[in-house]
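Okay, target.txt now, which holds compact mmCIF, C-alpha atoms:
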# COMPACT_ATOMS: atom_id res chain seq x y z
CA MET A 1337 -30.95 11.01 -4.06
CA ARG A 1338 -27.54 9.82 -2.83
CA LYS A 1339 -24.56 11.41 -4.54
CA GLU A 1340 -22.09 9.05 -6.20
CA VAL A 1341 -18.46 8.77 -5.12
CA LEU A 1342 -16.17 6.90 -7.52
CA LEU A 1343 -13.53 4.90 -5.64
CA VAL A 1344 -10.73 4.10 -8.08
CA ALA A 1345 -8.32 1.16 -7.81
CA GLY A 1346 -5.96 -0.43 -10.28
CA THR A 1347 -3.47 -2.19 -8.00
CA ARG A 1348 -3.78 -4.39 -4.93
CA PRO A 1349 -2.55 -1.73 -2.45
CA GLU A 1350 -5.10 0.71 -3.85
CA ALA A 1351 -7.88 -1.86 -3.47
CA VAL A 1352 -6.89 -2.59 0.14
CA LYS A 1353 -6.84 1.09 1.05
CA ILE A 1354 -10.13 2.08 -0.61
CA ALA A 1355 -11.95 -0.95 0.84
CA PRO A 1356 -12.56 0.55 4.32
CA VAL A 1357 -13.94 3.70 2.69
CA ALA A 1358 -16.27 1.65 0.47
CA ILE A 1359 -17.51 -0.24 3.53
CA ALA A 1360 -18.02 2.97 5.52
CA LEU A 1361 -19.97 4.55 2.63
CA LYS A 1362 -22.24 1.54 2.04
CA GLY A 1363 -24.86 2.64 4.52
CA HIS A 1364 -24.33 6.37 4.12
CA PRO A 1365 -27.60 8.31 3.74
CA GLY A 1366 -26.21 10.84 1.26
CA LEU A 1367 -23.25 9.22 -0.53
CA ARG A 1368 -23.14 6.09 -2.68
CA PRO A 1369 -19.83 4.31 -3.40
CA THR A 1370 -18.97 2.94 -6.84
CA ILE A 1371 -15.74 0.96 -7.14
CA VAL A 1372 -13.98 1.39 -10.48
CA HIS A 1373 -11.27 -1.14 -11.38
CA SER A 1374 -8.91 0.39 -13.94
CA GLY A 1375 -7.56 -2.95 -15.12
CA GLN A 1376 -3.94 -2.00 -14.39
CA HIS A 1377 -3.39 -5.19 -12.37
CA ALA A 1378 -6.08 -7.56 -13.57
CA GLY A 1379 -7.01 -10.21 -11.01
CA MET A 1380 -5.11 -8.69 -8.09
CA VAL A 1381 -7.67 -5.94 -7.41
CA GLU A 1382 -10.49 -8.49 -7.35
CA GLN A 1383 -8.43 -10.70 -5.05
CA ALA A 1384 -7.83 -7.87 -2.60
CA LEU A 1385 -11.42 -6.64 -2.59
CA SER A 1386 -12.75 -10.14 -1.97
CA ALA A 1387 -11.10 -10.10 1.47
CA PHE A 1388 -13.64 -7.38 2.37
CA ASP A 1389 -16.60 -8.98 0.55
CA LEU A 1390 -16.41 -6.29 -2.13
CA VAL A 1391 -16.36 -6.49 -5.94
CA PRO A 1392 -15.70 -3.83 -8.60
CA ASP A 1393 -18.83 -2.14 -9.91
CA VAL A 1394 -17.10 -0.97 -13.10
CA ARG A 1395 -14.18 -2.61 -14.92
CA LEU A 1396 -12.21 -0.80 -17.59
CA ASP A 1397 -10.79 -2.56 -20.64
CA VAL A 1398 -7.14 -1.58 -21.04
CA PRO A 1399 -5.23 -4.23 -23.04
CA ARG A 1400 -1.48 -3.59 -23.01
CA HIS A 1401 1.27 -4.66 -25.35
CA THR A 1402 4.43 -2.69 -24.54
CA GLY A 1403 3.86 -2.33 -20.79
CA THR A 1404 5.05 1.29 -20.76
CA GLN A 1405 3.61 4.05 -18.60
CA ALA A 1406 2.78 6.06 -21.73
CA GLU A 1407 0.75 3.19 -23.17
CA LEU A 1408 -1.16 2.69 -19.93
CA VAL A 1409 -2.01 6.39 -19.53
CA SER A 1410 -3.09 6.67 -23.17
CA ARG A 1411 -5.51 3.77 -22.71
CA LEU A 1412 -6.79 4.77 -19.27
CA LEU A 1413 -7.65 8.42 -20.02
CA PRO A 1414 -10.41 7.81 -22.60
CA GLU A 1415 -11.78 4.90 -20.54
CA PHE A 1416 -12.03 7.03 -17.41
CA ASP A 1417 -13.47 9.93 -19.40
CA ALA A 1418 -16.25 7.71 -20.74
CA VAL A 1419 -17.15 6.53 -17.23
CA LEU A 1420 -17.19 10.10 -15.93
CA GLU A 1421 -19.38 11.30 -18.81
CA GLU A 1422 -21.88 8.50 -18.21
CA ARG A 1423 -22.05 8.64 -14.40
CA ASP A 1424 -21.25 12.30 -13.59
CA PRO A 1425 -20.16 11.53 -9.98
CA ALA A 1426 -20.04 14.13 -7.24
CA VAL A 1427 -16.46 13.13 -6.31
CA THR A 1428 -13.68 10.94 -7.64
CA LEU A 1429 -11.57 9.42 -4.87
CA VAL A 1430 -8.12 8.25 -5.95
CA GLN A 1431 -5.47 6.60 -3.79
CA GLY A 1432 -1.71 6.91 -3.65
CA ASP A 1433 0.61 7.46 -6.58
CA THR A 1434 0.08 4.93 -9.38
CA THR A 1435 -0.57 5.49 -13.07
CA THR A 1436 -4.24 4.64 -12.42
CA THR A 1437 -4.40 7.40 -9.80
CA LEU A 1438 -2.86 9.98 -12.12
CA ALA A 1439 -5.12 9.12 -15.06
CA ALA A 1440 -8.32 9.12 -12.99
CA ALA A 1441 -7.41 12.41 -11.32
CA LEU A 1442 -6.54 14.08 -14.61
CA ALA A 1443 -9.70 12.89 -16.39
CA SER A 1444 -11.82 14.08 -13.44
CA PHE A 1445 -10.08 17.45 -13.31
CA TRP A 1446 -10.71 18.02 -17.02
CA ARG A 1447 -14.44 17.37 -16.45
CA GLY A 1448 -14.61 19.65 -13.41
CA ILE A 1449 -15.28 16.77 -11.02
CA PRO A 1450 -13.67 17.29 -7.58
CA VAL A 1451 -10.78 14.94 -6.82
CA ALA A 1452 -10.24 13.58 -3.32
CA HIS A 1453 -6.73 12.17 -2.88
CA LEU A 1454 -6.45 9.40 -0.31
CA GLU A 1455 -2.96 9.11 1.25
CA ALA A 1456 -2.02 12.59 0.07
CA GLY A 1457 1.20 14.36 1.00
CA LEU A 1458 3.72 11.52 1.01
CA ARG A 1459 7.05 12.92 -0.10
CA THR A 1460 10.73 12.04 -0.32
CA GLY A 1461 11.69 15.25 -2.12
CA ASP A 1462 13.54 13.25 -4.78
CA LEU A 1463 11.66 13.04 -8.09
CA TYR A 1464 13.59 9.89 -8.97
CA GLY A 1465 13.16 8.05 -5.69
CA PRO A 1466 10.80 6.28 -5.75
CA PHE A 1467 10.34 6.53 -9.51
CA PRO A 1468 7.89 7.37 -10.95
CA GLU A 1469 5.73 7.57 -7.80
CA GLU A 1470 7.23 10.73 -6.33
CA GLY A 1471 6.59 12.73 -9.49
CA THR A 1472 3.12 11.23 -9.89
CA ARG A 1473 1.90 12.20 -6.44
CA GLN A 1474 3.27 15.73 -6.73
CA MET A 1475 1.40 16.18 -10.01
CA ILE A 1476 -1.84 14.84 -8.51
CA SER A 1477 -1.61 17.29 -5.61
CA ARG A 1478 -1.85 20.26 -7.98
CA ILE A 1479 -5.30 19.22 -9.25
CA THR A 1480 -6.78 17.82 -6.03
CA SER A 1481 -9.73 19.46 -4.23
CA LEU A 1482 -9.43 17.43 -1.01
CA HIS A 1483 -6.14 16.14 0.37
CA LEU A 1484 -6.75 13.22 2.75
CA ALA A 1485 -3.39 13.18 4.50
CA PRO A 1486 -2.58 10.05 6.53
CA THR A 1487 -0.37 11.84 9.07
CA ASP A 1488 0.63 15.29 10.28
CA ASP A 1489 3.95 14.92 8.47
CA ALA A 1490 2.09 14.44 5.19
CA ALA A 1491 -0.15 17.44 5.89
CA ASN A 1492 2.89 19.57 6.69
CA ALA A 1493 4.50 18.54 3.39
CA LEU A 1494 1.40 19.77 1.56
CA ASN A 1495 1.46 23.04 3.51
CA THR A 1496 5.05 23.67 2.41
CA GLU A 1497 3.86 23.40 -1.19
CA SER A 1498 1.44 26.30 -0.54
CA LEU A 1499 -1.69 24.19 -0.81
CA PRO A 1500 -4.67 25.64 1.11
CA ASP A 1501 -4.85 24.35 4.66
CA SER A 1502 -8.64 24.24 4.40
CA HIS A 1503 -8.32 21.57 1.69
CA ILE A 1504 -6.19 19.27 3.88
CA VAL A 1505 -7.66 16.79 6.37
CA VAL A 1506 -5.55 14.46 8.53
CA THR A 1507 -7.35 11.13 8.69
CA GLY A 1508 -4.87 8.41 9.57
CA ASN A 1509 -4.13 5.72 7.00
CA THR A 1510 -6.97 3.47 5.89
CA VAL A 1511 -4.54 0.56 5.57
CA VAL A 1512 -4.60 0.32 9.38
CA ASP A 1513 -8.40 0.00 9.24
CA ALA A 1514 -7.98 -2.71 6.60
CA VAL A 1515 -5.29 -4.76 8.32
CA GLN A 1516 -7.13 -4.67 11.65
CA ARG A 1517 -10.36 -5.83 10.01
CA VAL A 1518 -8.67 -8.74 8.21
CA ALA A 1519 -6.59 -9.74 11.24
CA ASP A 1520 -9.69 -9.81 13.46
CA ALA A 1521 -11.48 -12.05 10.94
CA ASN A 1522 -8.62 -14.59 11.25
CA VAL A 1523 -9.50 -16.36 8.01
CA PRO A 1524 -7.64 -19.70 7.61
CA ALA A 1525 -4.79 -19.69 5.12
CA SER A 1526 -5.74 -20.48 1.51
CA SER A 1527 -2.25 -20.79 0.01
CA HIS A 1528 -0.91 -24.36 0.15
CA ASP A 1529 2.58 -22.90 0.63
CA VAL A 1530 1.46 -20.85 3.63
CA ILE A 1531 -0.42 -23.82 5.13
CA ALA A 1532 2.66 -26.04 4.80
CA LEU A 1533 4.94 -23.35 6.20
CA GLU A 1534 2.68 -22.79 9.22
CA ARG A 1535 2.76 -26.51 9.96
CA THR A 1536 6.55 -26.57 9.75
CA LEU A 1537 6.87 -23.57 12.06
CA ASP A 1538 4.44 -25.10 14.55
CA ALA A 1539 6.31 -28.42 14.53
CA THR A 1540 9.83 -27.00 14.79
CA GLY A 1541 9.34 -23.77 16.74
CA GLY A 1542 11.09 -21.97 13.90
CA ARG A 1543 10.91 -18.28 13.08
CA LEU A 1544 9.68 -16.59 9.91
CA MET A 1545 11.14 -13.78 7.80
CA LEU A 1546 8.92 -12.19 5.15
CA VAL A 1547 10.64 -10.63 2.13
CA THR A 1548 8.87 -8.48 -0.49
CA VAL A 1549 10.77 -6.54 -3.13
CA HIS A 1550 9.17 -5.14 -6.27
CA ARG A 1551 10.07 -1.51 -6.97
CA ARG A 1552 11.53 -0.70 -10.37
CA GLU A 1553 14.61 0.92 -8.87
CA SER A 1554 15.39 -2.41 -7.16
CA TRP A 1555 15.37 -4.48 -10.33
CA GLY A 1556 18.71 -5.86 -11.56
CA ARG A 1557 21.84 -5.44 -9.44
CA PRO A 1558 20.10 -3.98 -6.34
CA LEU A 1559 17.78 -7.00 -6.25
CA MET A 1560 20.74 -9.33 -6.62
CA ARG A 1561 22.38 -7.74 -3.56
CA VAL A 1562 19.15 -8.07 -1.56
CA LEU A 1563 18.71 -11.73 -2.50
CA ASN A 1564 22.33 -12.52 -1.65
CA ALA A 1565 21.72 -11.00 1.77
CA VAL A 1566 18.55 -13.05 2.22
CA ARG A 1567 20.41 -16.29 1.48
CA ALA A 1568 23.17 -15.34 3.91
CA ILE A 1569 20.65 -14.49 6.65
CA ALA A 1570 18.94 -17.85 6.21
CA ASP A 1571 22.29 -19.65 6.34
CA ARG A 1572 23.31 -17.85 9.55
CA HIS A 1573 20.05 -18.57 11.39
CA PRO A 1574 19.19 -22.29 11.15
CA ASP A 1575 15.79 -21.78 12.83
CA LEU A 1576 14.73 -19.17 10.28
CA HIS A 1577 12.33 -19.85 7.41
CA VAL A 1578 11.98 -17.29 4.62
CA LEU A 1579 8.83 -16.57 2.63
CA ILE A 1580 9.07 -14.56 -0.60
CA PRO A 1581 5.87 -13.80 -2.51
CA ALA A 1582 7.50 -13.25 -5.91
CA HIS A 1583 6.53 -10.24 -8.00
CA PRO A 1584 4.67 -11.26 -11.18
CA ASN A 1585 7.23 -9.49 -13.39
CA PRO A 1586 9.05 -12.36 -15.19
CA GLY A 1587 12.48 -10.78 -14.84
CA VAL A 1588 12.09 -10.27 -11.09
CA ARG A 1589 10.77 -13.79 -10.57
CA GLU A 1590 13.63 -15.28 -12.59
CA GLN A 1591 16.17 -13.50 -10.40
CA VAL A 1592 14.48 -14.67 -7.21
CA VAL A 1593 14.29 -18.28 -8.36
CA SER A 1594 17.84 -18.36 -9.71
CA LEU A 1595 19.39 -17.01 -6.48
CA LEU A 1596 17.14 -18.56 -3.82
CA GLY A 1597 15.36 -21.48 -5.48
CA GLY A 1598 16.32 -24.80 -3.94
CA HIS A 1599 17.25 -23.43 -0.51
CA GLU A 1600 15.64 -25.79 1.99
CA ARG A 1601 14.26 -22.98 4.19
CA VAL A 1602 13.23 -20.50 1.49
CA VAL A 1603 9.68 -20.67 0.12
CA ILE A 1604 8.94 -18.74 -3.08
CA THR A 1605 5.22 -18.27 -3.73
CA GLU A 1606 2.86 -16.52 -6.08
CA PRO A 1607 1.50 -13.17 -4.80
CA LEU A 1608 -0.54 -13.97 -1.68
CA ASP A 1609 -4.20 -13.23 -1.04
CA TYR A 1610 -4.44 -10.32 1.37
CA PRO A 1611 -5.69 -12.45 4.33
CA ASP A 1612 -2.73 -14.81 3.81
CA LEU A 1613 -0.33 -11.87 3.71
CA VAL A 1614 -1.75 -10.57 6.98
CA ARG A 1615 -1.40 -14.03 8.58
CA VAL A 1616 2.24 -14.19 7.53
CA LEU A 1617 2.91 -10.62 8.66
CA LYS A 1618 1.43 -11.30 12.12
CA ARG A 1619 3.71 -14.30 12.53
CA ALA A 1620 6.92 -12.82 11.14
CA ALA A 1621 9.97 -12.20 13.32
CA LEU A 1622 11.34 -9.78 10.72
CA VAL A 1623 10.26 -8.19 7.44
CA LEU A 1624 12.52 -7.07 4.61
CA THR A 1625 10.59 -4.93 2.15
CA ASP A 1626 10.55 -2.03 -0.28
CA SER A 1627 6.75 -1.92 -0.07
CA GLY A 1628 5.13 1.18 1.37
CA GLY A 1629 2.05 -0.68 2.53
CA ILE A 1630 3.95 -3.22 4.60
CA GLN A 1631 5.87 -0.41 6.32
CA GLU A 1632 2.45 0.85 7.46
CA GLU A 1633 0.92 -2.54 8.32
CA ALA A 1634 3.76 -4.21 10.25
CA PRO A 1635 3.69 -1.86 13.30
CA SER A 1636 0.17 -3.10 14.11
CA PHE A 1637 1.74 -6.48 14.94
CA GLY A 1638 4.99 -5.30 16.54
CA VAL A 1639 7.09 -6.66 13.66
CA PRO A 1640 10.44 -4.94 12.96
CA VAL A 1641 10.91 -3.84 9.34
CA LEU A 1642 14.09 -3.33 7.34
CA VAL A 1643 13.27 -0.97 4.46
CA LEU A 1644 15.16 -1.93 1.30
CA ARG A 1645 15.41 1.66 0.07
CA GLU A 1646 17.71 4.63 0.61
CA THR A 1647 14.78 6.98 1.29
CA THR A 1648 11.19 6.52 2.38
CA GLU A 1649 8.13 8.75 2.34
CA ARG A 1650 7.08 6.97 5.52
CA MET A 1651 9.70 8.32 7.90
CA LEU A 1652 7.16 8.17 10.72
CA ALA A 1653 7.88 4.43 11.03
CA VAL A 1654 11.61 5.10 11.20
CA ASP A 1655 11.19 7.94 13.70
CA ALA A 1656 8.93 5.74 15.86
CA GLY A 1657 11.53 2.96 15.97
CA CYS A 1658 9.38 0.56 13.91
CA ALA A 1659 11.58 0.46 10.81
CA TRP A 1660 15.19 0.95 9.70
CA LEU A 1661 16.43 2.18 6.33
CA VAL A 1662 19.05 -0.24 5.00
CA GLY A 1663 18.97 0.28 1.24
CA THR A 1664 20.08 -2.62 -0.94
CA ASP A 1665 23.62 -2.97 0.42
CA THR A 1666 24.25 -6.59 1.37
CA THR A 1667 26.49 -5.74 4.32
CA ARG A 1668 24.02 -3.26 5.83
CA ILE A 1669 21.13 -5.69 5.47
CA LEU A 1670 23.11 -8.50 7.09
CA ALA A 1671 24.20 -6.32 10.00
CA GLU A 1672 20.72 -4.99 10.84
CA ALA A 1673 18.99 -8.32 10.31
CA GLY A 1674 21.58 -10.01 12.51
CA TRP A 1675 20.94 -7.52 15.28
CA VAL A 1676 17.12 -7.86 15.11
CA LEU A 1677 17.16 -11.65 14.93
CA GLY A 1678 19.96 -12.03 17.45
CA SER A 1679 18.17 -9.89 20.03
CA ARG A 1680 14.76 -11.40 19.17
CA LEU A 1681 13.43 -7.87 18.98
CA ARG A 1682 9.68 -7.40 19.17
CA LEU A 1683 7.96 -4.03 19.23
CA PRO A 1684 4.98 -3.01 21.41
CA LEU A 1685 1.59 -4.01 20.02
CA GLY A 1686 -1.16 -1.51 19.27
CA ARG A 1687 1.13 1.46 18.68
CA ASN A 1688 0.90 1.99 14.95
CA PRO A 1689 1.99 5.57 14.16
CA PHE A 1690 0.02 5.51 10.90
CA GLY A 1691 -3.48 5.13 12.28
CA ASP A 1692 -5.96 4.01 14.89
CA GLY A 1693 -8.40 2.08 12.70
CA ARG A 1694 -10.89 4.97 12.28
CA ALA A 1695 -9.46 6.63 9.19
CA ALA A 1696 -12.38 5.62 6.94
CA VAL A 1697 -14.85 7.38 9.27
CA ARG A 1698 -12.87 10.60 8.99
CA VAL A 1699 -12.60 10.22 5.21
CA CYS A 1700 -16.39 9.91 4.95
CA SER A 1701 -16.87 13.05 7.00
CA ALA A 1702 -14.52 14.99 4.72
CA LEU A 1703 -16.28 13.63 1.60
CA GLU A 1704 -19.62 14.83 2.95
CA ARG A 1705 -18.32 18.38 3.07
CA LEU A 1706 -16.67 18.13 -0.36
CA ALA A 1707 -19.92 16.84 -1.90
CA GLY A 1708 -21.83 19.72 -0.31
CA LEU A 1709 -23.94 17.59 2.01
CA PRO A 1710 -25.28 18.93 5.26
CA THR A 1711 -23.23 17.12 7.88
CA ALA A 1712 -25.71 15.46 10.20
CA LEU A 1713 -23.02 14.00 12.38
CA PRO A 1714 -20.61 16.07 14.48
CA ARG A 1715 -17.18 16.59 12.99
CA ARG A 1716 -15.04 13.56 13.78
CA GLU A 1717 -12.08 13.74 16.08
CA PRO A 1718 -8.71 14.36 14.42
CA PHE A 1719 -6.13 11.62 14.18
CA ALA A 1720 -3.32 12.05 16.71
CA THR A 1721 0.08 11.10 15.32
CA LEU A 1722 3.46 11.05 16.97
CA ALA A 1723 4.03 14.50 15.48
CA GLY A 1724 1.09 15.89 17.44
CA VAL A 1725 -2.58 16.58 16.87
CA ARG A 1726 -3.65 18.62 13.87
Any chance you could give the structure as structure tokens?
Amino acid sequence: MRKEVLLVAGTRPEAVKIAPVAIALKGHPGLRPTIVHSGQHAGMVEQALSAFDLVPDVRLDVPRHTGTQAELVSRLLPEFDAVLEERDPAVTLVQGDTTTTLAAALASFWRGIPVAHLEAGLRTGDLYGPFPEEGTRQMISRITSLHLAPTDDAANALNTESLPDSHIVVTGNTVVDAVQRVADANVPASSHDVIALERTLDATGGRLMLVTVHRRESWGRPLMRVLNAVRAIADRHPDLHVLIPAHPNPGVREQVVSLLGGHERVVITEPLDYPDLVRVLKRAALVLTDSGGIQEEAPSFGVPVLVLRETTERMLAVDAGCAWLVGTDTTRILAEAGWVLGSRLRLPLGRNPFGDGRAAVRVCSALERLAGLPTALPRREPFATLAGVR
């Protein structure tokens, strides 16, 4: 009988990053994947999984009223516990550093079910930046049985926290597997806004700048500074068109619309389907983002990234010359964007420091050992990062 692996997702980035693992496990002789949707971001997980022809196997019911982290955790824990009691999986695989990840890991730990942490070891060293993600991922690491580190830097961070080296496996980041798969499929755009923008760019020879900003620490005045910089960049570069998939938070969307709505070369959209996001990313001349996922995806297409944060747990992109930390200071953003756009900078293709597209294969091999299966296949090759080979 195949042993069950629960793959947990509650947000779109989680869904994108577990998808390659679910696909790799589908035909596995000893392991059976079950995708559990926590309900944290209803609709967006389904949207992301559909790009890989996947659907959730289990959906949790977590109605929310206040929107606080405490409310979400208090609703998720008993829901996860009930699923674990019913299914008794061999492993729970969680991804990243969201409230869903914390709740699923904690419920599994309490039931003695081994936790595998995908994208383990990301650190800034500042508990309040990003908040609450940095604290969340450090807590998860203390109750994890298998740390699936995306890079050597992440593995080294776990080593410095005195976690057993035998519990750490460097795999590469599954988001590279995901973005390569979707890019190769080359699905036509579904968003009317993206279709119209592509036609405009084709007709005019214009360039595209993608902007995504959503982190809590950016809300309010930092976001205002970022948006002022975006308007100024668009004004200074008449051939530049800007696409902003607005965060669903009403306050964030209101700020975006009030500061950029009506600009003739700024398009504000709903959150994009993942294939549409990949299409836009491939075509972009520049990305401004505070998203961790886009910092990892953009190098696959040679797109320069300005990171709208003071610190990042993905310094590998900065060290590799793929990204630049600019914070939310309007002057800094304008200066760096002006340099990238003025020089028409493009980075080499196929040199993504976060992965080689085979991370899911390595994850499956590590899960076999955690689940106590005899490994029929030879141990997979390690992932070589710019920091060396582990």
Set out as a Markdown table a contact list for segment 1375-1468 of chain A and segment 1518-1522 of chain A with a cut-off of 12 Å, giving each residue of segment 1375-1468 of chain A that qualifies its closest atom pair and distance in Å to one decimal, counting all atoms listed in the file, ordered by chain and rising residue number.
| residue | atom | partner | partner_atom | distance |
| --- | --- | --- | --- | --- |
| A:Ala1384 | CA | A:Val1518 | CA | 10.9 |
| A:Leu1385 | CA | A:Val1518 | CA | 11.3 |
| A:Ser1386 | CA | A:Val1518 | CA | 11.1 |
| A:Ala1387 | CA | A:Val1518 | CA | 7.3 |
| A:Phe1388 | CA | A:Val1518 | CA | 7.8 |
| A:Asp1389 | CA | A:Val1518 | CA | 11.0 |
What is the atom CA of Ala1673 of chain A-atom CA of Gly1657 of chain A distance in Å, reported with one decimal?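 Distance reported for this atom pair: 14.7 Å.
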Calculated over all atoms listed in the file, which of the candidates A:Arg1561, A:His1599, A:Arg1680, A:Arg1705 has the smallest distance to Arg1668 of chain A?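 The shortest atom-to-atom distance to Arg1668 of chain A comes from A:Arg1561.
Relative to atom CA of Val1419 of chain A, atom CA of Glu1704 of chain A is found at 22.0 Å.
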Between A:Arg1459, A:His1453, A:Arg1447, A:Arg1645, which residue has the minimum interatomic distance to Ile1476 of chain A, considering all atoms listed in the file?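 Selected residue with least distance to Ile1476 of chain A: A:His1453.
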Atom CA of Glu1382 of chain A to atom CA of Pro1607 of chain A: how many Å, to one decimal?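 Pair atom CA of Glu1382 of chain A / atom CA of Pro1607 of chain A returns 13.1 Å.
Using only C-alpha atoms, the shortest contact distance between Ala1539 of chain A and any of A:Asn1509, A:Thr1666, A:Asp1575, A:Leu1703 is found at A:Asp1575.
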Between A:His1577, A:Arg1687, A:Arg1551, A:Arg1557, smallest distance to Thr1625 of chain A by all atoms listed in the file belongs to A:Arg1551
Take segment 1625-1632 of chain A, model all heavy atoms, and hand the result over as a short mmCIF file (atom, residue, chain, number, x, y, z; two decimals), in the coordinates of the input.
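Output file out-v4.cif follows:
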data_model
loop_
_atom_site.label_atom_id
_atom_site.label_comp_id
_atom_site.auth_asym_id
_atom_site.auth_seq_id
_atom_site.Cartn_x
_atom_site.Cartn_y
_atom_site.Cartn_z
N THR A 1625 11.54 -5.35 3.17
CA THR A 1625 10.59 -4.93 2.15
C THR A 1625 10.96 -3.58 1.54
O THR A 1625 11.62 -2.77 2.18
CB THR A 1625 9.17 -4.82 2.75
OG1 THR A 1625 8.22 -4.60 1.70
CG2 THR A 1625 9.07 -3.70 3.78
N ASP A 1626 10.54 -3.37 0.30
CA ASP A 1626 10.55 -2.03 -0.28
C ASP A 1626 9.12 -1.54 -0.51
O ASP A 1626 8.89 -0.54 -1.17
CB ASP A 1626 11.38 -1.98 -1.57
CG ASP A 1626 10.82 -2.87 -2.68
OD1 ASP A 1626 9.73 -3.44 -2.52
OD2 ASP A 1626 11.50 -3.00 -3.72
N SER A 1627 8.16 -2.27 0.06
CA SER A 1627 6.75 -1.92 -0.07
C SER A 1627 6.33 -0.86 0.94
O SER A 1627 6.62 -0.98 2.13
CB SER A 1627 5.88 -3.18 0.14
OG SER A 1627 4.54 -2.83 0.40
N GLY A 1628 5.64 0.16 0.45
CA GLY A 1628 5.13 1.18 1.37
C GLY A 1628 4.05 0.65 2.28
O GLY A 1628 4.03 0.95 3.47
N GLY A 1629 3.15 -0.16 1.74
CA GLY A 1629 2.05 -0.68 2.53
C GLY A 1629 2.51 -1.51 3.71
O GLY A 1629 1.98 -1.37 4.82
N ILE A 1630 3.49 -2.36 3.51
CA ILE A 1630 3.95 -3.22 4.60
C ILE A 1630 4.65 -2.39 5.68
O ILE A 1630 4.57 -2.73 6.87
CB ILE A 1630 4.85 -4.34 4.05
CG1 ILE A 1630 3.97 -5.32 3.27
CG2 ILE A 1630 5.58 -5.07 5.18
CD1 ILE A 1630 4.69 -6.50 2.70
N GLN A 1631 5.31 -1.30 5.31
CA GLN A 1631 5.87 -0.41 6.32
C GLN A 1631 4.77 0.12 7.24
O GLN A 1631 5.00 0.37 8.42
CB GLN A 1631 6.58 0.76 5.65
CG GLN A 1631 7.85 0.39 4.88
CD GLN A 1631 8.44 1.60 4.17
OE1 GLN A 1631 8.72 2.62 4.79
NE2 GLN A 1631 8.60 1.49 2.86
N GLU A 1632 3.57 0.31 6.68
CA GLU A 1632 2.45 0.85 7.46
C GLU A 1632 1.73 -0.25 8.24
O GLU A 1632 1.19 0.02 9.32
CB GLU A 1632 1.46 1.53 6.52
CG GLU A 1632 2.04 2.71 5.78
CD GLU A 1632 1.29 3.05 4.51
OE1 GLU A 1632 0.48 2.22 4.03
OE2 GLU A 1632 1.53 4.14 3.97
#
